[in-house]
Amino acid sequence: MADRLTREYRHTPVMLDEVLSTLQPQAGEIVCDCTLGGAGHSVELAQRVGSQGLLIGIDQDEMARTAAAERLNREAPGVECHILAGNFAQLDELLVEDEIAGVDCFLFDLGVSSPQLDIPERGFSYKYEAPLDMRMNPGKQTLTAAEVINTYNEADLTRILRSYGDEKHAKRIAHEICRARAQAPIETTTRLAELVVAAIPAADRRHGHHPARKSFQALRIEVNAELEVLREGLTAALRWLEPGGRICVISYHSLEDKVVKSLFGEHSRGCICPPDLPVCVCGRVPTLELITKRPLLSTEQELEYNPRARSAKLRAARKLAANTNGFK
Ligand SMILES: C[S@@+](CC[C@H](N)C(=O)[O-])C[C@H]1O[C@@H](n2cnc3c(N)ncnc32)[C@H](O)[C@@H]1O
């Protein structure tokens, strides 16, 4: 069964070389992959920390954890691996429960994995007929995409489509959704995709990706509160990071990247007093050093075999020694 899952769980790790070169995992270190997925990155990280190290892998998706456990067992034998079920927003609880004292490397490879997108029943994709679900952790979450679509008011739907999907036709789509649901609830992915397509002017439908792509992304971000959990997870990770420890985040959406950039920026900045003050009164000291001043992007070579890496942006930072009092 597990072996069948692994075969089905095909996800090519994004920017693997860049992850390894920024995190530089060393033998004996403790590495925490907060988005384990199919263990594409984790297998490589585990092999580098070796039998003296520890790989902690967190995922809220049971199928991912099962496939990852099997793969780590096979490809990183002899390395201690703790596979933890949960949302990385609960990093504190998860690491306390696992009796961890500190972490040398953190990885966050955000969003959904290829299998999550490709399994129709998960309801993430406009390509297959399925109930409108989109929960990453169906056992723990109650809000579904169907509930958002059928109960949010038109203004809220417009806001979500515009801000999380960067959808320029957000208002028209929200209006079409509200018009259609007044007749019958919108229950499936394909019905929603039809409505989105109908709302977008023909000229704008002809080029680029599927017209419903941005709306589906926006809904997924809302259902899983992705921006809020990212802020919570990263803030906690910065506290658990050992001095000299490294953190690497791959994001796929400008709003996610904004969260990472602003958090890293905040922690790598020292004094924030107005320049005309003769002495520092804020007392802030930098606690992070940026490893990537600008985000790294996938190479053309990688994009040839992994088109899902197209929107990836990688940022990494190192925790500075001694000064830990700058954290909130
Ligand atoms: C892009 S995939 C990671 C793929 C992995 N790096 C690999 O190469 O196989 C993202 C994974 O993170 C999980 N995930 C997303 N948000 C999460 C969260 N807030 N807490 C825990 N897991 C999360 C998803 O279930 C998915 O399996």
# chains A, B, ... in the order shown; residues from 1 in each chain; ligands from 1

call {"tool": "closest_atom_pairs", "arguments": {"of": "chain A", "to": "ligand 1", "cutoff": "8 Å", "atoms": "only C-alpha atoms and all ligand atoms", "output": "tab-separated table"}}
result
residue	atom	partner	partner_atom_place_in_ligand_line	distance
A:His11	CA	ligand 1	9 (O)	5.5
A:Thr12	CA	ligand 1	8 (O)	5.9
A:Pro13	CA	ligand 1	8 (O)	3.6
A:Val14	CA	ligand 1	8 (O)	6.5
A:Asp33	CA	ligand 1	6 (N)	7.8
A:Cys34	CA	ligand 1	21 (C)	6.2
A:Thr35	CA	ligand 1	12 (O)	3.6
A:Leu36	CA	ligand 1	5 (C)	5.1
A:Gly37	CA	ligand 1	27 (O)	3.4
A:Gly38	CA	ligand 1	9 (O)	3.6
A:Ala39	CA	ligand 1	9 (O)	4.2
A:Gly40	CA	ligand 1	8 (O)	3.4
A:His41	CA	ligand 1	8 (O)	4.6
A:Ser42	CA	ligand 1	6 (N)	7.1
A:Ile58	CA	ligand 1	21 (C)	5.9
A:Asp59	CA	ligand 1	22 (N)	3.7
A:Gln60	CA	ligand 1	21 (C)	4.3
A:Asp61	CA	ligand 1	25 (O)	4.6
A:Ala64	CA	ligand 1	27 (O)	5.4
A:Arg65	CA	ligand 1	27 (O)	7.9
A:Ala68	CA	ligand 1	9 (O)	7.7
A:Ala85	CA	ligand 1	21 (C)	7.7
A:Gly86	CA	ligand 1	21 (C)	5.7
A:Asn87	CA	ligand 1	20 (N)	3.3
A:Phe88	CA	ligand 1	20 (N)	4.0
A:Ala89	CA	ligand 1	19 (N)	6.0
A:Phe108	CA	ligand 1	6 (N)	7.6
A:Asp109	CA	ligand 1	1 (C)	5.2
A:Leu110	CA	ligand 1	10 (C)	5.1
A:Gly111	CA	ligand 1	10 (C)	4.9
A:Val112	CA	ligand 1	10 (C)	4.6
A:Ser113	CA	ligand 1	2 (S)	3.9
A:Ser114	CA	ligand 1	1 (C)	7.4
A:Gln116	CA	ligand 1	27 (O)	7.4
A:Met136	CA	ligand 1	25 (O)	5.8
A:Asn137	CA	ligand 1	25 (O)	7.6
A:Asn224	CA	ligand 1	19 (N)	7.7
A:Glu226	CA	ligand 1	19 (N)	6.6
A:Val229	CA	ligand 1	19 (N)	5.8
A:Leu230	CA	ligand 1	19 (N)	6.7
A:Gly233	CA	ligand 1	19 (N)	7.6

call {"tool": "closest_residue", "arguments": {"among": "A:Gly50, A:Gly165, A:Pro131, A:Gly102", "to": "Glu256 in chain A", "atoms": "only C-alpha atoms"}}
result
A:Gly165

call {"tool": "select_by_dssp", "arguments": {"residues": "range 42-284 of chain A", "states": "strand (DSSP E or B)", "output": "VMD selection string"}}
result
chain A and resid 54 to 59 80 to 85 103 to 109 131 188 241 to 251

call {"tool": "write_last_selection", "arguments": {"atoms": "C-alpha atoms", "output": "PDB file, in the first residue's frame"}}
result
ATOM      1  CA  LEU A  54      17.701  14.291  12.914  1.00  0.00           C
ATOM      2  CA  LEU A  55      15.146  15.075  10.242  1.00  0.00           C
ATOM      3  CA  ILE A  56      11.794  16.395  11.447  1.00  0.00           C
ATOM      4  CA  GLY A  57       9.131  16.422   8.747  1.00  0.00           C
ATOM      5  CA  ILE A  58       5.788  18.170   9.283  1.00  0.00           C
ATOM      6  CA  ASP A  59       2.764  17.899   7.021  1.00  0.00           C
ATOM      7  CA  GLU A  80      16.449   9.325  12.503  1.00  0.00           C
ATOM      8  CA  CYS A  81      13.271  10.855  11.090  1.00  0.00           C
ATOM      9  CA  HIS A  82      10.343  12.179  13.101  1.00  0.00           C
ATOM     10  CA  ILE A  83       7.257  12.629  10.967  1.00  0.00           C
ATOM     11  CA  LEU A  84       4.782  14.950  12.657  1.00  0.00           C
ATOM     12  CA  ALA A  85       1.136  15.436  11.756  1.00  0.00           C
ATOM     13  CA  VAL A 103      16.642  23.520  15.178  1.00  0.00           C
ATOM     14  CA  ASP A 104      19.632  24.141  12.856  1.00  0.00           C
ATOM     15  CA  CYS A 105      17.753  24.372   9.542  1.00  0.00           C
ATOM     16  CA  PHE A 106      14.144  25.107   8.636  1.00  0.00           C
ATOM     17  CA  LEU A 107      12.575  24.625   5.218  1.00  0.00           C
ATOM     18  CA  PHE A 108       9.158  25.892   4.107  1.00  0.00           C
ATOM     19  CA  ASP A 109       8.182  24.908   0.542  1.00  0.00           C
ATOM     20  CA  PRO A 131     -16.974  18.628  -4.751  1.00  0.00           C
ATOM     21  CA  THR A 188     -18.586  21.344  -7.878  1.00  0.00           C
ATOM     22  CA  LEU A 241      16.309  28.470  15.204  1.00  0.00           C
ATOM     23  CA  GLU A 242      19.707  27.957  16.858  1.00  0.00           C
ATOM     24  CA  PRO A 243      22.270  30.800  16.581  1.00  0.00           C
ATOM     25  CA  GLY A 244      23.971  30.274  13.214  1.00  0.00           C
ATOM     26  CA  GLY A 245      20.943  28.247  12.041  1.00  0.00           C
ATOM     27  CA  ARG A 246      19.478  28.767   8.575  1.00  0.00           C
ATOM     28  CA  ILE A 247      15.929  29.164   7.304  1.00  0.00           C
ATOM     29  CA  CYS A 248      14.800  28.853   3.687  1.00  0.00           C
ATOM     30  CA  VAL A 249      11.341  29.614   2.285  1.00  0.00           C
ATOM     31  CA  ILE A 250      10.055  28.914  -1.226  1.00  0.00           C
ATOM     32  CA  SER A 251       6.879  30.826  -2.035  1.00  0.00           C
TER      33      SER A 251
END

call {"tool": "closest_residue", "arguments": {"among": "A:Thr190, A:Leu320, A:Lys313, A:Glu62", "to": "Val19 in chain A", "atoms": "only C-alpha atoms"}}
result
A:Lys313

call {"tool": "select_by_dssp", "arguments": {"residues": "range 90-213 of chain A", "states": "helix (DSSP H, G or I)", "output": "PyMOL selection string"}}
result
chain A and resi 90-97+114-118+120-122+145-151+154-165+170-183+189-199+202-205+213

call {"tool": "residues_around", "arguments": {"residues": "range 159-163 of chain A", "least_positions_apart": "2", "cutoff": "9 Å", "atoms": "only C-alpha atoms", "output": "VMD selection string"}}
result
chain A and resid 154 to 157 165 to 171 173 to 174 214 to 219 221 to 222 255

call {"tool": "closest_residue", "arguments": {"among": "A:Leu238, A:Val223, A:Ile291, A:Tyr126", "to": "Glu194 in chain A", "atoms": "only C-alpha atoms"}}
result
A:Tyr126

call {"tool": "residues_around", "arguments": {"residues": "Glu75 in chain A", "least_positions_apart": "3", "cutoff": "10 Å", "atoms": "only C-alpha atoms", "output": "list of chain:residue names"}}
result
A:Val43, A:Glu44, A:Ala46, A:Gln47, A:Glu70, A:Arg71, A:Leu72, A:Gly78, A:Val79

call {"tool": "write_last_selection", "arguments": {"atoms": "C-alpha atoms", "output": "PDB file, in the first residue's frame"}}
result
ATOM      1  CA  VAL A  43      15.463  12.887   1.481  1.00  0.00           C
ATOM      2  CA  GLU A  44      18.409  15.060   0.447  1.00  0.00           C
ATOM      3  CA  ALA A  46      18.293  13.636   5.706  1.00  0.00           C
ATOM      4  CA  GLN A  47      21.178  12.191   3.705  1.00  0.00           C
ATOM      5  CA  GLU A  70       8.152   5.201   3.017  1.00  0.00           C
ATOM      6  CA  ARG A  71      10.556   7.172   0.824  1.00  0.00           C
ATOM      7  CA  LEU A  72      12.754   8.320   3.721  1.00  0.00           C
ATOM      8  CA  GLY A  78      19.743   4.881   9.245  1.00  0.00           C
ATOM      9  CA  VAL A  79      18.777   8.550   9.600  1.00  0.00           C
TER      10      VAL A  79
END

call {"tool": "atom_distance", "arguments": {"atom1": "CA of Pro307 in chain A", "atom2": "CA of Phe264 in chain A"}}
result
27.4 Å

call {"tool": "residues_around", "arguments": {"residues": "Met134 in chain A", "least_positions_apart": "2", "cutoff": "7 Å", "atoms": "only C-alpha atoms", "output": "PyMOL selection string"}}
result
chain A and resi 122-124+132+136+144-145+220+223

call {"tool": "closest_residue", "arguments": {"among": "A:Asn73, A:Thr66, A:Thr151, A:Gln301", "to": "Ile177 in chain A", "atoms": "only C-alpha atoms"}}
result
A:Thr151

call {"tool": "closest_residue", "arguments": {"among": "A:Leu192, A:Pro286, A:Arg179, A:Thr142", "to": "Tyr128 in chain A", "atoms": "only C-alpha atoms"}}
result
A:Leu192

call {"tool": "decode", "arguments": {"residues": "range 260-310 of chain A", "atoms": "N, CA and C atoms", "output": "mmCIF file, in the first residue's frame"}}
result
data_model
loop_
_atom_site.group_PDB
_atom_site.id
_atom_site.type_symbol
_atom_site.label_atom_id
_atom_site.label_comp_id
_atom_site.auth_asym_id
_atom_site.auth_seq_id
_atom_site.Cartn_x
_atom_site.Cartn_y
_atom_site.Cartn_z
ATOM 1 N N VAL A 260 7.165 36.769 3.782
ATOM 2 C CA VAL A 260 8.528 36.314 4.085
ATOM 3 C C VAL A 260 9.486 37.508 4.083
ATOM 4 N N LYS A 261 9.370 38.323 3.029
ATOM 5 C CA LYS A 261 10.274 39.471 2.888
ATOM 6 C C LYS A 261 10.129 40.413 4.088
ATOM 7 N N SER A 262 8.894 40.666 4.488
ATOM 8 C CA SER A 262 8.739 41.652 5.559
ATOM 9 C C SER A 262 9.213 41.082 6.901
ATOM 10 N N LEU A 263 8.972 39.787 7.142
ATOM 11 C CA LEU A 263 9.431 39.197 8.407
ATOM 12 C C LEU A 263 10.961 39.124 8.463
ATOM 13 N N PHE A 264 11.562 38.685 7.369
ATOM 14 C CA PHE A 264 13.035 38.626 7.330
ATOM 15 C C PHE A 264 13.605 40.047 7.455
ATOM 16 N N GLY A 265 12.947 41.006 6.764
ATOM 17 C CA GLY A 265 13.425 42.395 6.789
ATOM 18 C C GLY A 265 13.378 42.945 8.207
ATOM 19 N N GLU A 266 12.247 42.706 8.861
ATOM 20 C CA GLU A 266 12.047 43.198 10.233
ATOM 21 C C GLU A 266 13.142 42.663 11.179
ATOM 22 N N HIS A 267 13.481 41.389 11.042
ATOM 23 C CA HIS A 267 14.450 40.772 11.950
ATOM 24 C C HIS A 267 15.907 41.030 11.563
ATOM 25 N N SER A 268 16.119 41.479 10.322
ATOM 26 C CA SER A 268 17.518 41.709 9.930
ATOM 27 C C SER A 268 17.887 43.188 10.059
ATOM 28 N N ARG A 269 16.870 43.998 10.397
ATOM 29 C CA ARG A 269 17.107 45.426 10.566
ATOM 30 C C ARG A 269 17.526 45.698 12.015
ATOM 31 N N GLY A 270 18.408 46.650 12.195
ATOM 32 C CA GLY A 270 18.773 47.044 13.554
ATOM 33 C C GLY A 270 17.873 48.181 13.990
ATOM 34 N N CYS A 271 18.531 49.245 14.422
ATOM 35 C CA CYS A 271 17.817 50.407 14.954
ATOM 36 C C CYS A 271 16.809 50.979 13.951
ATOM 37 N N ILE A 272 15.600 51.291 14.447
ATOM 38 C CA ILE A 272 14.590 51.897 13.567
ATOM 39 C C ILE A 272 14.213 53.314 14.033
ATOM 40 N N CYS A 273 15.119 53.915 14.812
ATOM 41 C CA CYS A 273 14.842 55.280 15.285
ATOM 42 C C CYS A 273 14.900 56.256 14.114
ATOM 43 N N PRO A 274 14.120 57.361 14.171
ATOM 44 C CA PRO A 274 14.225 58.398 13.125
ATOM 45 C C PRO A 274 15.661 58.913 13.039
ATOM 46 N N PRO A 275 16.158 59.209 11.836
ATOM 47 C CA PRO A 275 17.565 59.578 11.659
ATOM 48 C C PRO A 275 17.968 60.842 12.425
ATOM 49 N N ASP A 276 16.991 61.717 12.755
ATOM 50 C CA ASP A 276 17.361 62.958 13.442
ATOM 51 C C ASP A 276 17.540 62.774 14.960
ATOM 52 N N LEU A 277 17.261 61.577 15.478
ATOM 53 C CA LEU A 277 17.499 61.363 16.925
ATOM 54 C C LEU A 277 19.000 61.189 17.169
ATOM 55 N N PRO A 278 19.561 61.898 18.155
ATOM 56 C CA PRO A 278 21.009 61.803 18.373
ATOM 57 C C PRO A 278 21.451 60.424 18.870
ATOM 58 N N VAL A 279 20.600 59.742 19.662
ATOM 59 C CA VAL A 279 20.968 58.397 20.132
ATOM 60 C C VAL A 279 19.798 57.440 19.909
ATOM 61 N N CYS A 280 20.150 56.155 19.846
ATOM 62 C CA CYS A 280 19.121 55.129 19.626
ATOM 63 C C CYS A 280 18.260 54.991 20.874
ATOM 64 N N VAL A 281 16.944 55.072 20.669
ATOM 65 C CA VAL A 281 16.058 54.837 21.815
ATOM 66 C C VAL A 281 15.256 53.540 21.639
ATOM 67 N N CYS A 282 15.287 52.961 20.418
ATOM 68 C CA CYS A 282 14.469 51.758 20.202
ATOM 69 C C CYS A 282 15.172 50.511 20.735
ATOM 70 N N GLY A 283 16.495 50.529 20.757
ATOM 71 C CA GLY A 283 17.252 49.408 21.306
ATOM 72 C C GLY A 283 17.190 48.143 20.466
ATOM 73 N N ARG A 284 16.705 48.252 19.229
ATOM 74 C CA ARG A 284 16.582 47.021 18.421
ATOM 75 C C ARG A 284 17.924 46.590 17.861
ATOM 76 N N VAL A 285 18.140 45.300 17.871
ATOM 77 C CA VAL A 285 19.361 44.758 17.254
ATOM 78 C C VAL A 285 18.946 43.714 16.225
ATOM 79 N N PRO A 286 19.698 43.612 15.126
ATOM 80 C CA PRO A 286 19.322 42.593 14.135
ATOM 81 C C PRO A 286 19.508 41.187 14.705
ATOM 82 N N THR A 287 18.595 40.309 14.381
ATOM 83 C CA THR A 287 18.705 38.924 14.860
ATOM 84 C C THR A 287 18.870 37.954 13.698
ATOM 85 N N LEU A 288 18.719 38.463 12.491
ATOM 86 C CA LEU A 288 18.884 37.626 11.294
ATOM 87 C C LEU A 288 19.827 38.309 10.329
ATOM 88 N N GLU A 289 20.532 37.496 9.556
ATOM 89 C CA GLU A 289 21.345 38.020 8.456
ATOM 90 C C GLU A 289 20.784 37.403 7.178
ATOM 91 N N LEU A 290 20.513 38.249 6.175
ATOM 92 C CA LEU A 290 19.931 37.704 4.941
ATOM 93 C C LEU A 290 20.994 36.938 4.161
ATOM 94 N N ILE A 291 20.673 35.714 3.750
ATOM 95 C CA ILE A 291 21.589 34.954 2.872
ATOM 96 C C ILE A 291 21.297 35.354 1.429
ATOM 97 N N THR A 292 20.023 35.598 1.141
ATOM 98 C CA THR A 292 19.638 36.061 -0.203
ATOM 99 C C THR A 292 19.144 37.499 -0.072
ATOM 100 N N LYS A 293 19.878 38.443 -0.647
ATOM 101 C CA LYS A 293 19.430 39.846 -0.557
ATOM 102 C C LYS A 293 18.180 40.031 -1.405
ATOM 103 N N ARG A 294 18.169 39.358 -2.572
ATOM 104 C CA ARG A 294 16.975 39.328 -3.426
ATOM 105 C C ARG A 294 16.534 37.886 -3.546
ATOM 106 N N PRO A 295 15.239 37.649 -3.847
ATOM 107 C CA PRO A 295 14.817 36.248 -3.938
ATOM 108 C C PRO A 295 15.494 35.531 -5.105
ATOM 109 N N LEU A 296 15.837 34.259 -4.891
ATOM 110 C CA LEU A 296 16.375 33.451 -5.987
ATOM 111 C C LEU A 296 15.198 32.892 -6.795
ATOM 112 N N LEU A 297 15.398 32.781 -8.121
ATOM 113 C CA LEU A 297 14.362 32.231 -8.998
ATOM 114 C C LEU A 297 14.865 30.928 -9.610
ATOM 115 N N SER A 298 13.943 30.122 -10.133
ATOM 116 C CA SER A 298 14.347 28.864 -10.774
ATOM 117 C C SER A 298 15.130 29.168 -12.048
ATOM 118 N N THR A 299 16.053 28.290 -12.379
ATOM 119 C CA THR A 299 16.823 28.477 -13.607
ATOM 120 C C THR A 299 15.984 28.024 -14.812
ATOM 121 N N GLU A 300 16.349 28.518 -15.997
ATOM 122 C CA GLU A 300 15.681 28.094 -17.235
ATOM 123 C C GLU A 300 15.746 26.582 -17.386
ATOM 124 N N GLN A 301 16.892 26.045 -16.986
ATOM 125 C CA GLN A 301 17.109 24.598 -17.100
ATOM 126 C C GLN A 301 16.072 23.826 -16.254
ATOM 127 N N GLU A 302 15.842 24.303 -15.021
ATOM 128 C CA GLU A 302 14.857 23.627 -14.168
ATOM 129 C C GLU A 302 13.449 23.753 -14.759
ATOM 130 N N LEU A 303 13.157 24.935 -15.319
ATOM 131 C CA LEU A 303 11.803 25.147 -15.847
ATOM 132 C C LEU A 303 11.481 24.213 -17.006
ATOM 133 N N GLU A 304 12.523 23.755 -17.690
ATOM 134 C CA GLU A 304 12.287 22.843 -18.820
ATOM 135 C C GLU A 304 11.670 21.529 -18.345
ATOM 136 N N TYR A 305 12.092 21.039 -17.170
ATOM 137 C CA TYR A 305 11.522 19.768 -16.724
ATOM 138 C C TYR A 305 10.530 19.936 -15.576
ATOM 139 N N ASN A 306 10.420 21.122 -14.998
ATOM 140 C CA ASN A 306 9.479 21.320 -13.895
ATOM 141 C C ASN A 306 8.772 22.670 -14.016
ATOM 142 N N PRO A 307 7.756 22.745 -14.892
ATOM 143 C CA PRO A 307 7.087 24.036 -15.118
ATOM 144 C C PRO A 307 6.440 24.598 -13.846
ATOM 145 N N ARG A 308 6.147 23.729 -12.852
ATOM 146 C CA ARG A 308 5.518 24.223 -11.614
ATOM 147 C C ARG A 308 6.471 25.113 -10.815
ATOM 148 N N ALA A 309 7.749 25.128 -11.210
ATOM 149 C CA ALA A 309 8.719 25.973 -10.498
ATOM 150 C C ALA A 309 8.686 27.422 -11.004
ATOM 151 N N ARG A 310 7.855 27.682 -12.015
ATOM 152 C CA ARG A 310 7.911 28.992 -12.683
ATOM 153 C C ARG A 310 7.726 30.168 -11.726
#
